[in-house]
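One structure is given below, encoded as structure tokens.
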Number of protein chains: 2
Amino acid sequence: MKEIILTTFDWVPEVPRGYVRDIRASWAMEEAGLAYRIEGVPFKNRNKEHLENQPFGQVPWLKDGEFTIFESGAMLLHIAERSENLIPNEPIGRSQVIQWLFAALNSIEMASVPWSLFKFSNDNEETPGRENLNNFLESRLQRMESVLAEREWLVNDFSIADIAMSDVLRLVDRFGELSDYPACKDYVERATARPAFKKAYADQLAHFAMADRFNQ
Amino acid sequence: MKEIILTTFDWVPEVPRGYVRDIRASWAMEEAGLAYRIEGVPFKNRNKEHLENQPFGQVPWLKDGEFTIFESGAMLLHIAERSENLIPNEPIGRSQVIQWLFAALNSIEMASVPWSLFKFSNDNEETPGRENLNNFLESRLQRMESVLAEREWLVNDFSIADIAMSDVLRLVDRFGELSDYPACKDYVERATARPAFKKAYADQLAHFAMADRFNQ
């Protein structure tokens, strides 16, 4: 069996640590029991080879035999295909997991990441556009609150949709913004209490801590 | 064969017309030669049944036999599975189309839609967060410009990834913001020149124009 390689940065500043998106893929592979190796590419000098693997100069990407995949959503789907416990085999459940995977990345994260750009820069100007952006995120969280109040995981058993959704909500929780959304908060706690998340999270912190040692 | 039903709003204001996301699914079905019917749900009163089909109170959703699917990305993948010309059969090409589909929705649209919220509200305040958001979109467009300068479609032949990506870029183009990105602009023109897009676009305008007549 060919080795799976997950590439992330060789170093990042403190702020993104624990939140770099390689955690979505490593978490899924821990859940699936797939063996993989982490590689690092320069954070400070993103070269041509980097852009060939990840055209936006971001991380992560995944190499699995003939496959080289960027985009965390595509990686999650690929890993799920190789596992037995991250997406249902029957077509309806499978379709529902895929739709919730897209929902995490296109309905929730589309609001949360841009909103976080304002939060990270301590920008509290109440301009009309900012108000629209805040309302965009809040309306989505309100709906997720109703959805998550009624279920443990998005589609029956835990799946790649929950990896994506809980990781997206984790960033909102980082700013304390889930305090009005207890079902969302409980869901994030339930997901991140899983041993596979804890392992992937600890590994990411250790990977960047190691880089600090070499850079000193 | 069971009928495919694509549900959109029964009416929307002028601004979103031609840009409501049911066009992604109808465009794909026109490309695939699949027969479908359009249904409308109230724009002004989004009831419980609506939320059961689309938990964010948005449109569209697709009913195809036992499948009910929201999220345009998930619909595109579903339609591609039923067609012979929207995603390759061989696994590498297939995986690349899926990654570019996610790229359109999670790397580009995550920047463009929030940016459009500021543009639609004529908000030109140059706050730090806004600057980050503008840079976010610009850095993504710069990278897409390099990618699209070298190819006609994202992965070999035209695919669902091109439907998603060109529709996402169309919103940016609407504000004249692709003028510095000629390869992106050409790509949007190439995609929207396809008969299947023209048909889906004309049908969407006609659908909402009909609603105006009934509302008078």
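Residue names in the structure tokens use chain letters A, B, ... in the order shown, residue numbers from 1 in each chain, and ligand numbers from 1 in the order shown.
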
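For A:Phe43, the list of residues within 7 Å, based on only C-alpha atoms and with local chain neighbours fewer than 2 positions off taken out, reads Phe9, Asp10, Trp11, Val12, Val41, Asn45 and Arg46 of chain A.
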
| request: Taking only C-alpha atoms into account, report as a list in words which residues of chain B lie within 7 Å of chain A. | output: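 Per the criterion, chain B yields Pro55, Phe56, Phe67, Ile69, Phe70, Glu71, Gly73, Ala74, Ile92, Ile98, Gln99, Phe102, Ala103, Leu105, Asn106, Met110, Ala111, Pro114, Leu117, Phe118, Ser121, Asp123, Thr127, Pro128, Gly129, Asn132, Leu133, Arg140 and Arg143 of chain B.
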
| query | In terms of the shortest atom-to-atom distance over only C-alpha atoms, which of A:Arg17, A:Lys185, A:Lys44, A:Lys198 is closest to A:Met165? | reply |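 Selected residue with least distance to A:Met165: A:Lys185.
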
| said: If you run DSSP on the backbone here, which positions in stretch 35-93 of chain B get strand (DSSP E)? Please write them as a VMD selection string. | reply: chain B and resid 36 to 41 61 to 64 67 to 70

| task | Return as an MDAnalysis selection string the full set of residues in chain B whose backbone-based DSSP assignment is helix (DSSP H, G or I). | result | chainID B and resid 22:32 48:53 72:81 91:120 128:149 160:174 182:192 195:215

| field | Of the listed residues B:Val20, B:Ser159, B:Leu154, B:Ala149, that which approaches B:Glu81 most closely, counting only C-alpha atoms | value |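 Checking each candidate against B:Glu81, we get B:Ser159 as the closest.
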
| d(atom CA of A:Leu62, atom CA of A:Leu205) in Å |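 Distance reported for this atom pair: 19.2 Å.
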
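Rounded to one decimal, atom CA of A:Arg151 and atom CA of A:Ala164 lie 16.3 Å from each other.
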
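Going from atom CA of A:Met210 to atom CA of A:Pro16 covers 15.5 Å.
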
| Nearby residues (only C-alpha atoms) at most 9 Å from A:Leu34, same-chain spacing under 4 positions excluded, as a ChimeraX atom specification | /A:4,28-30,79,82-83
